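Structure below is work-v1.txt: compact mmCIF, C-alpha atoms.
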```
# COMPACT_ATOMS: atom_id res chain seq x y z
CA MET A 192 0.00 0.00 0.00
CA PHE A 193 1.42 3.33 -0.99
CA LEU A 194 0.94 6.56 0.93
CA ARG A 195 0.19 9.40 -1.38
CA ILE A 196 1.60 12.81 -0.28
CA PRO A 197 0.20 15.89 -1.92
CA LEU A 198 2.68 17.82 -4.09
CA ARG A 199 2.11 20.95 -2.08
CA PHE A 200 3.54 19.28 1.06
CA PRO A 201 7.25 19.57 0.13
CA LEU A 202 6.74 23.19 -0.93
CA ALA A 203 5.13 24.01 2.39
CA VAL A 204 8.01 22.36 4.26
CA VAL A 205 10.60 24.32 2.28
CA ALA A 206 8.75 27.58 2.86
CA PHE A 207 8.47 26.89 6.59
CA THR A 208 12.15 25.99 6.80
CA LEU A 209 13.21 29.22 5.06
CA LEU A 210 11.05 31.32 7.33
CA ALA A 211 12.42 29.60 10.39
CA LEU A 212 16.04 30.36 9.46
CA PRO A 213 17.56 33.51 10.98
CA ALA A 214 17.31 36.50 8.65
CA PRO A 215 20.69 37.49 7.24
CA CYS A 216 22.15 40.59 8.83
CA LEU A 217 22.59 43.60 6.63
CA ARG A 218 26.24 44.28 6.04
CA ALA A 219 27.50 47.52 7.57
CA ASP A 220 30.78 49.25 8.29
CA SER A 221 32.24 48.71 11.74
CA VAL A 222 34.79 50.53 13.83
CA VAL A 223 36.48 49.15 16.94
CA LEU A 224 38.08 51.55 19.39
CA LYS A 225 41.15 50.92 21.49
CA ASN A 226 38.99 50.65 24.62
CA GLY A 227 37.01 47.81 23.04
CA ASP A 228 33.88 49.77 22.08
CA ARG A 229 32.38 48.77 18.75
CA LEU A 230 30.11 50.79 16.43
CA THR A 231 28.30 49.75 13.27
CA GLY A 232 27.08 52.11 10.59
CA THR A 233 28.78 53.93 7.71
CA ALA A 234 32.28 55.38 7.56
CA VAL A 235 31.90 58.76 5.84
CA LYS A 236 35.46 60.11 5.72
CA LEU A 237 38.72 60.61 7.55
CA ASP A 238 40.08 64.15 7.61
CA GLY A 239 41.84 66.40 10.10
CA GLY A 240 42.55 63.55 12.49
CA LYS A 241 38.83 62.73 12.83
CA LEU A 242 36.89 59.76 11.46
CA THR A 243 33.34 60.78 10.61
CA PHE A 244 31.06 57.80 11.31
CA LYS A 245 27.31 57.73 10.79
CA THR A 246 25.00 55.37 12.68
CA ALA A 247 21.29 54.62 12.38
CA TYR A 248 20.57 55.81 15.92
CA ALA A 249 22.50 59.09 16.19
CA ASP A 250 23.85 62.04 14.25
CA PRO A 251 27.24 61.56 12.56
CA ILE A 252 30.01 61.53 15.15
CA ALA A 253 33.68 62.50 14.89
CA ILE A 254 36.01 59.89 16.35
CA ALA A 255 39.65 60.67 17.12
CA TRP A 256 41.59 58.61 14.56
CA ASP A 257 44.38 57.74 16.99
CA GLN A 258 41.77 55.98 19.18
CA VAL A 259 40.61 53.65 16.39
CA ALA A 260 41.93 50.09 16.61
CA SER A 261 40.34 48.83 13.39
CA LEU A 262 37.93 49.84 10.65
CA THR A 263 36.06 47.55 8.27
CA THR A 264 33.97 48.94 5.42
CA ASN A 265 31.28 47.42 3.24
CA GLN A 266 32.04 49.81 0.37
CA PRO A 267 35.70 50.50 -0.53
CA LEU A 268 37.25 53.80 0.50
CA VAL A 269 40.03 55.70 -1.26
CA LEU A 270 43.29 56.24 0.62
CA PRO A 271 45.52 58.88 -1.05
CA THR A 272 49.24 58.21 -0.52
CA PRO A 273 52.41 59.83 -1.92
CA LYS A 274 52.72 56.85 -4.28
CA GLY A 275 49.13 56.95 -5.49
CA ASN A 276 45.62 56.16 -4.37
CA LEU A 277 44.79 52.86 -2.68
CA THR A 278 41.37 51.22 -2.55
CA ILE A 279 40.91 49.75 0.91
CA THR A 280 38.19 47.81 2.71
CA ALA A 281 39.80 47.42 6.14
CA ILE A 282 42.42 49.02 8.39
CA GLU A 283 43.85 47.50 11.53
CA ARG A 284 46.32 49.10 13.90
CA SER A 285 49.33 46.96 14.82
CA ASP A 286 52.73 47.44 16.46
CA ALA A 287 54.34 47.59 13.01
CA GLY A 288 51.93 50.26 11.69
CA LEU A 289 48.54 50.26 10.02
CA VAL A 290 47.63 47.11 8.11
CA VAL A 291 45.34 48.00 5.21
CA THR A 292 43.39 45.49 3.14
CA THR A 293 43.41 46.17 -0.61
CA PRO A 294 42.22 44.09 -3.60
CA SER A 295 45.82 42.93 -4.05
CA GLY A 296 46.17 41.86 -0.42
CA PRO A 297 47.20 43.34 2.93
CA SER A 298 49.91 45.98 3.23
CA THR A 299 51.50 47.71 6.23
CA LEU A 300 51.76 51.50 6.11
CA ASP A 301 53.29 54.14 8.33
CA PRO A 302 50.45 55.72 10.39
CA ALA A 303 51.63 59.16 9.21
CA VAL A 304 50.59 58.21 5.66
CA VAL A 305 46.97 57.41 6.57
CA THR A 306 45.50 60.86 7.14
CA VAL A 307 42.64 60.97 4.60
CA LEU A 308 39.93 58.52 3.58
CA ARG A 309 37.23 59.39 1.05
CA SER A 310 34.45 57.66 -0.83
CA PRO A 311 35.20 57.17 -4.56
CA ALA A 312 32.70 59.91 -5.43
CA ASP A 313 34.25 62.35 -2.94
CA GLN A 314 37.73 61.55 -4.27
CA LEU A 315 36.64 62.36 -7.82
CA ALA A 316 35.12 65.64 -6.63
CA TYR A 317 38.32 66.49 -4.73
CA GLU A 318 40.53 65.83 -7.75
CA ALA A 319 38.22 67.91 -9.95
CA SER A 320 38.45 70.78 -7.44
CA LEU A 321 42.25 70.86 -7.74
CA HIS A 322 42.14 72.03 -11.35
CA PRO A 323 38.65 73.41 -12.12
CA ASN A 324 37.96 75.04 -15.45
CA TRP A 325 38.15 78.83 -15.42
CA GLY A 326 34.39 79.07 -15.91
CA HIS A 327 33.62 76.93 -12.85
CA ALA A 328 33.74 77.33 -9.05
CA TRP A 329 32.28 80.86 -9.10
CA THR A 330 29.95 82.22 -6.42
CA GLY A 331 28.58 85.73 -6.16
CA ALA A 332 25.63 88.07 -6.08
CA ALA A 333 24.30 91.01 -8.10
CA ASN A 334 21.68 93.58 -7.19
CA VAL A 335 19.88 96.49 -8.86
CA SER A 336 17.91 99.28 -7.17
CA PHE A 337 15.84 102.11 -8.65
CA ALA A 338 13.98 104.99 -7.03
CA LEU A 339 11.69 107.51 -8.76
CA ALA A 340 9.83 110.53 -7.35
CA ARG A 341 7.43 112.86 -9.15
CA GLY A 342 5.37 115.83 -7.96
CA ASN A 343 6.96 118.25 -5.54
CA SER A 344 10.08 116.13 -6.04
CA ASP A 345 11.33 115.16 -9.46
CA THR A 346 14.26 112.78 -8.90
CA ALA A 347 15.51 109.46 -10.22
CA THR A 348 18.17 107.26 -8.64
CA PHE A 349 19.77 104.10 -9.98
CA GLY A 350 22.17 101.85 -8.13
CA ALA A 351 23.76 98.47 -8.80
CA GLY A 352 26.33 96.22 -7.19
CA PHE A 353 28.13 93.02 -8.09
CA THR A 354 30.57 90.65 -6.38
CA ALA A 355 32.00 87.31 -7.50
CA VAL A 356 34.61 84.97 -6.05
CA ARG A 357 36.30 81.90 -7.51
CA ALA A 358 38.22 80.05 -4.80
CA THR A 359 40.17 76.83 -5.36
CA ARG A 360 42.66 74.99 -3.19
CA THR A 361 45.57 76.88 -4.74
CA ASP A 362 44.27 80.32 -5.73
CA LYS A 363 41.44 82.82 -5.43
CA THR A 364 39.99 85.38 -7.84
CA SER A 365 37.77 88.20 -6.57
CA LEU A 366 35.74 90.70 -8.63
CA TYR A 367 33.53 93.59 -7.56
CA ALA A 368 31.73 96.55 -9.11
CA HIS A 369 29.27 99.21 -7.98
CA THR A 370 27.59 102.26 -9.49
CA LEU A 371 25.25 105.00 -8.29
CA TYR A 372 23.56 107.68 -10.39
CA SER A 373 21.02 110.23 -9.21
CA GLU A 374 19.55 113.30 -10.89
CA ASN A 375 17.14 116.04 -9.91
CA SER A 376 14.94 117.30 -12.75
CA ASN A 377 13.32 120.26 -10.97
CA ALA A 378 13.49 123.82 -12.25
CA THR A 379 17.28 123.70 -11.96
CA PRO A 380 18.30 120.23 -13.27
CA SER A 381 21.32 118.75 -11.55
CA THR A 382 23.15 115.50 -11.00
CA SER A 383 23.54 114.63 -7.34
CA ALA A 384 25.52 111.39 -7.78
CA ASN A 385 27.47 109.80 -10.61
CA ALA A 386 30.14 107.38 -9.38
CA THR A 387 31.29 103.99 -10.63
CA GLY A 388 33.97 101.72 -9.24
CA GLY A 389 35.26 98.21 -9.69
CA GLY A 390 38.23 96.02 -9.18
CA LEU A 391 39.76 92.58 -9.11
CA ARG A 392 42.36 90.67 -7.13
CA TYR A 393 44.13 87.39 -7.79
CA ASP A 394 45.78 85.38 -4.99
CA HIS A 395 48.05 82.38 -5.36
CA ASN A 396 48.99 80.33 -2.30
CA VAL A 397 52.71 79.84 -1.62
CA ASN A 398 51.90 77.71 1.44
CA PRO A 399 48.82 77.33 3.68
CA LYS A 400 49.49 80.74 5.30
CA LEU A 401 51.43 82.84 2.77
CA PHE A 402 50.21 83.96 -0.67
CA THR A 403 51.13 86.39 -3.42
CA PHE A 404 48.57 88.71 -5.01
CA GLY A 405 47.98 91.04 -7.91
CA THR A 406 45.34 93.74 -7.75
CA GLY A 407 43.61 96.31 -9.92
CA ASP A 408 41.24 98.99 -8.65
CA PHE A 409 39.34 101.48 -10.85
CA TYR A 410 37.14 104.41 -9.91
CA ALA A 411 35.42 107.35 -11.65
CA ASP A 412 33.39 110.16 -10.07
CA ALA A 413 31.90 112.89 -12.25
CA LEU A 414 31.08 115.17 -9.30
CA GLN A 415 34.73 115.09 -8.23
CA ASP A 416 35.77 115.67 -11.87
CA LEU A 417 37.62 112.34 -11.67
CA ASP A 418 37.61 110.81 -15.13
CA LEU A 419 39.41 107.63 -14.04
CA ARG A 420 41.72 106.46 -11.28
CA SER A 421 43.62 103.22 -11.92
CA THR A 422 45.55 101.51 -9.16
CA LEU A 423 47.61 98.48 -10.21
CA GLY A 424 50.09 96.48 -8.17
CA GLY A 425 50.81 93.41 -6.11
CA GLY A 426 52.59 91.99 -3.10
CA PHE A 427 52.31 89.37 -0.39
CA GLY A 428 49.51 88.37 1.93
CA TRP A 429 48.96 86.28 5.03
CA HIS A 430 45.94 84.10 5.84
CA ALA A 431 45.52 85.25 9.45
CA SER A 432 42.32 83.23 9.86
CA LYS A 433 40.75 80.65 7.58
CA THR A 434 37.81 78.57 8.82
CA ALA A 435 34.53 77.32 7.39
CA LYS A 436 32.73 80.39 8.80
CA GLN A 437 35.20 83.19 8.33
CA THR A 438 38.41 84.26 6.60
CA PHE A 439 40.72 87.17 7.36
CA ASP A 440 43.68 88.15 5.16
CA VAL A 441 46.31 90.83 5.69
CA LEU A 442 48.14 92.23 2.65
CA GLY A 443 51.07 94.47 1.84
CA GLY A 444 52.75 95.52 -1.39
CA VAL A 445 53.40 98.31 -3.88
CA VAL A 446 51.02 99.83 -6.45
CA TRP A 447 51.17 102.40 -9.24
CA THR A 448 48.36 104.97 -9.32
CA HIS A 449 47.38 106.94 -12.42
CA GLU A 450 44.48 109.41 -12.26
CA SER A 451 43.11 112.16 -14.46
CA TYR A 452 40.79 115.02 -13.46
CA SER A 453 38.80 117.23 -15.82
CA ALA A 454 39.12 120.98 -15.69
CA ASN A 455 36.64 122.88 -13.53
CA SER A 456 36.04 126.48 -12.49
CA SER A 457 38.79 126.16 -9.89
CA GLY A 458 41.55 124.61 -11.98
CA PRO A 459 42.74 123.03 -15.27
CA ASN A 460 42.99 119.39 -16.30
CA THR A 461 45.14 117.47 -13.85
CA THR A 462 46.97 114.15 -14.23
CA ASN A 463 48.76 112.37 -11.39
CA SER A 464 51.00 109.28 -11.63
CA PHE A 465 52.91 108.02 -8.64
CA PRO A 466 54.02 104.84 -6.82
CA ALA A 467 52.42 104.06 -3.47
CA LEU A 468 52.53 101.51 -0.72
CA ASP A 469 49.59 99.14 -0.39
CA PHE A 470 48.35 97.99 3.01
CA GLY A 471 45.03 96.18 3.26
CA GLU A 472 42.81 93.58 4.80
CA VAL A 473 40.03 91.37 3.48
CA TYR A 474 37.40 89.77 5.71
CA SER A 475 34.43 87.47 5.11
CA ARG A 476 31.96 86.02 7.60
CA LYS A 477 29.02 83.63 7.25
CA PHE A 478 25.98 84.22 9.45
CA GLY A 479 24.01 81.00 9.54
CA ALA A 480 23.32 79.29 6.24
CA ALA A 481 21.75 82.28 4.45
CA SER A 482 23.82 85.42 5.08
CA LEU A 483 27.34 86.47 4.09
CA LEU A 484 29.36 89.61 4.83
CA THR A 485 32.47 90.47 2.82
CA GLU A 486 34.60 93.58 3.17
CA GLN A 487 37.98 94.86 2.04
CA ALA A 488 39.91 97.99 2.95
CA TYR A 489 43.12 99.40 1.43
CA ILE A 490 45.26 102.43 2.16
CA TYR A 491 47.80 103.74 -0.38
CA PRO A 492 50.41 106.16 1.05
CA ASP A 493 52.16 108.10 -1.71
CA LEU A 494 55.85 107.09 -1.71
CA SER A 495 56.91 110.58 -2.81
CA SER A 496 55.02 112.18 0.09
CA LEU A 497 53.76 109.80 2.78
CA SER A 498 51.49 112.47 4.25
CA GLN A 499 49.36 112.13 1.12
CA TYR A 500 47.33 108.97 0.72
CA GLN A 501 44.21 107.40 -0.71
CA PHE A 502 41.82 105.00 0.99
CA THR A 503 39.18 102.62 -0.36
CA PHE A 504 36.63 100.50 1.47
CA ASN A 505 34.11 98.12 -0.11
CA SER A 506 31.67 95.77 1.59
CA THR A 507 28.72 93.56 0.62
CA TYR A 508 26.10 91.94 2.82
CA SER A 509 23.76 89.41 1.18
CA THR A 510 20.92 87.31 2.58
CA LYS A 511 19.36 84.49 0.57
CA LEU A 512 15.66 84.65 -0.22
CA GLY A 513 15.15 81.15 -1.56
CA LYS A 514 17.49 79.42 -3.96
CA MET A 515 17.75 82.11 -6.61
CA PHE A 516 17.11 85.52 -5.04
CA ASN A 517 18.71 87.44 -2.22
CA TRP A 518 18.77 90.84 -0.64
CA VAL A 519 22.09 92.60 -1.27
CA THR A 520 23.51 95.74 0.31
CA THR A 521 26.79 97.22 -0.94
CA PHE A 522 28.75 100.06 0.61
CA SER A 523 31.89 101.80 -0.60
CA ASP A 524 34.00 104.68 0.61
CA ASN A 525 36.67 106.39 -1.53
CA TYR A 526 38.91 109.03 0.03
CA THR A 527 41.83 111.05 -1.30
CA SER A 528 43.83 113.47 0.82
CA PHE A 529 44.66 115.65 -2.22
CA PRO A 530 41.44 116.26 -4.22
CA PRO A 531 41.46 118.85 -7.02
CA PRO A 532 40.45 122.41 -6.02
CA GLY A 533 36.73 122.93 -5.62
CA THR A 534 35.88 119.27 -4.91
CA LEU A 535 35.41 117.21 -1.76
CA ASP A 536 37.88 114.59 -0.58
CA ASN A 537 35.45 111.76 0.28
CA ASP A 538 32.64 109.89 -1.52
CA LEU A 539 30.27 107.31 -0.07
CA VAL A 540 28.12 104.96 -2.18
CA LEU A 541 25.36 102.80 -0.68
CA THR A 542 23.10 100.53 -2.73
CA THR A 543 20.56 98.00 -1.53
CA GLY A 544 17.92 95.94 -3.27
CA LEU A 545 16.80 92.61 -4.58
CA GLY A 546 19.54 90.56 -6.10
CA ILE A 547 20.25 87.29 -7.89
CA THR A 548 22.54 84.60 -6.55
CA LEU A 549 25.28 83.70 -9.02
CA THR A 550 26.75 80.21 -8.70
CA ARG A 551 28.74 78.13 -11.19
CA PRO A 552 29.96 74.88 -9.54
```
Exercise: express the given structure as structure tokens:
Amino acid sequence: MFLRIPLRFPLAVVAFTLLALPAPCLRADSVVLKNGDRLTGTAVKLDGGKLTFKTAYADPIAIAWDQVASLTTNQPLVLPTPKGNLTITAIERSDAGLVVTTPSGPSTLDPAVVTVLRSPADQLAYEASLHPNWGHAWTGAANVSFALARGNSDTATFGAGFTAVRATRTDKTSLYAHTLYSENSNATPSTSANATGGGLRYDHNVNPKLFTFGTGDFYADALQDLDLRSTLGGGFGWHASKTAKQTFDVLGGVVWTHESYSANSSGPNTTNSFPALDFGEVYSRKFGAASLLTEQAYIYPDLSSLSQYQFTFNSTYSTKLGKMFNWVTTFSDNYTSFPPPGTLDNDLVLTTGLGITLTRP
């Protein structure tokens, strides 16, 4: 007599057996500390002596690298070394050094060599940042303001400002420009403001603290009868402070100033050309994630007569209003201790208004 077993019986047994087996654990990175503590999660990067490690139950934490006994990763990380990049999946600290696991096998490295770990994507982004195209890595803002009055007052005012910075790991290019024009069209028409300025500066790092720079500054002011003032030169600078939130540079060098003034009722056409010293500072500060202040100030003592000098100050404060727009305020001050007869020695320009964020990654 034969016992007939339904065909569905073996399938049910197999299904039950599979369900009864322990579920496989999801693979994750793990780090073991010298004190025996063990964490599982994702190794993000190693930089500045800190291992950034992300877990499912807490915000990313920064672990002192010299306290790590071993690190095992599910996804390979890139280890830059003087001899080239290594792809590693594990690091273990030993008396002989750090033993790293690579596709070609284990290798022992001097701990001083293992200072940076990045994901493959981050490594590609880092290498691209070393030599970006000239049209990339720009950030900046531009604003335009306009005021109009009619009736008892008959005036029109136009103002605009622009700043842009391209910073890489080896150099920095800064541009700025501002203009202000205002006229009164009452019974006696007059122009109450007509000034335009702009400039650029290029820095190249000699080492993390010292850099060389070249600068050009240009300014015209119709009410001062200044057709154009050009200030060109260069020198050395020092990164006094450089953090994620703020930077502060101190500069010194030599410039050549050439300026021409139109004739007025108090005097004829005037042209000045002279060498001058250049002392300055440049400061930037982030306020939260939406606001940025930048300012730069320079003083140019005339080498032929140090009691005569010129001074320029330019600043921009911008606050983001969404992804594309921002509110931008620019301020500039231009002073000369030897203005032409019949004109004032100082000019202030203030513009504020809605602007557009300029970014080219």
For Trp325 in chain A, the closest of A:Thr348, A:Thr364, A:Ser295, A:Thr461 counting all atoms listed in the file is A:Thr364
Distance criterion (only C-alpha atoms): nearest to Leu417 in chain A out of A:Ser451, A:Thr292, A:Thr272, A:Thr387 |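 Closest candidate: A:Ser451.
Interatomic distance, CA of Ser383 in chain A against CA of Tyr489 in chain A: 26.3 Å.
Among the candidate residues A:Ala287, A:Val473, A:Ala347, A:Ile279, the one lying nearest to Ser365 in chain A is A:Val473, with distances computed using only C-alpha atoms.
The shortest atom-to-atom distance to Asp238 in chain A, with all atoms listed in the file taken into account, belongs to A:Thr306 out of A:Pro267, A:Thr306, A:Thr299, A:Leu224.
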(Q) For Thr403 in chain A, find every residue with an atom within 7 Å (counting all atoms listed in the file), except residues of its own chain fewer than 4 positions away, and show them as a VMD selection string. (A) chain A and resid 394 to 397 426 to 428
Give me a file of those residues, with C-alpha atoms, as a compact mmCIF listing (two decimals), in the coordinates of the input.
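Final output, result05.txt:
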```
# COMPACT_ATOMS: atom_id res chain seq x y z
CA ASP A 394 45.78 85.38 -4.99
CA HIS A 395 48.05 82.38 -5.36
CA ASN A 396 48.99 80.33 -2.30
CA VAL A 397 52.71 79.84 -1.62
CA GLY A 426 52.59 91.99 -3.10
CA PHE A 427 52.31 89.37 -0.39
CA GLY A 428 49.51 88.37 1.93
```
If you count all atoms listed in the file, the residue of A:Ser310, A:Gln258, A:Gly458, A:Thr382 closest to Thr278 in chain A turns out to be A:Ser310
Of A:Gly388, A:Pro302, A:Gly232, A:Pro399, the one nearest to Phe353 in chain A when counting only C-alpha atoms is A:Gly388
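Here CA of Gly240 in chain A stands at a distance of 10.8 Å from CA of Val259 in chain A.
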Please list as a list in words every residue within 8 Å of Tyr526 in chain A, counting only C-alpha atoms and excluding residues in the same chain fewer than 3 positions away.
Gln501, Phe502, Thr503, Asp536, Asn537 and Asp538 of chain A
Dump as a CSV table (one decimal) with C-alpha atoms, in the coordinates of the input all residues having an atom at most 12 Å from (22.2, 79.4, -3.8), computed in the file's coordinates with only C-alpha atoms.
```csv
chain,number,residue,atom,x,y,z
A,329,TRP,CA,32.3,80.9,-9.1
A,330,THR,CA,30.0,82.2,-6.4
A,331,GLY,CA,28.6,85.7,-6.2
A,332,ALA,CA,25.6,88.1,-6.1
A,480,ALA,CA,23.3,79.3,6.2
A,481,ALA,CA,21.8,82.3,4.4
A,482,SER,CA,23.8,85.4,5.1
A,483,LEU,CA,27.3,86.5,4.1
A,509,SER,CA,23.8,89.4,1.2
A,510,THR,CA,20.9,87.3,2.6
A,511,LYS,CA,19.4,84.5,0.6
A,512,LEU,CA,15.7,84.6,-0.2
A,513,GLY,CA,15.2,81.2,-1.6
A,514,LYS,CA,17.5,79.4,-4.0
A,515,MET,CA,17.8,82.1,-6.6
A,516,PHE,CA,17.1,85.5,-5.0
A,517,ASN,CA,18.7,87.4,-2.2
A,546,GLY,CA,19.5,90.6,-6.1
A,547,ILE,CA,20.2,87.3,-7.9
A,548,THR,CA,22.5,84.6,-6.6
A,549,LEU,CA,25.3,83.7,-9.0
A,550,THR,CA,26.8,80.2,-8.7
A,551,ARG,CA,28.7,78.1,-11.2
A,552,PRO,CA,30.0,74.9,-9.5
```
Would you mind listing what lies within 7 Å of Gln415 in chain A as JSON, numbers by chain, with all atoms listed in the file counted and same-chain residues fewer than 3 positions away left out? {"A": [412, 534, 535]}
Limited to C-alpha atoms, could you put the picked residues into a file as a PDB file, keeping the file's coordinate frame?
```pdb
ATOM      1  CA  ASP A 412      33.390 110.160 -10.070  1.00  0.00           C
ATOM      2  CA  THR A 534      35.880 119.270  -4.910  1.00  0.00           C
ATOM      3  CA  LEU A 535      35.410 117.210  -1.760  1.00  0.00           C
TER       4      LEU A 535
END
```
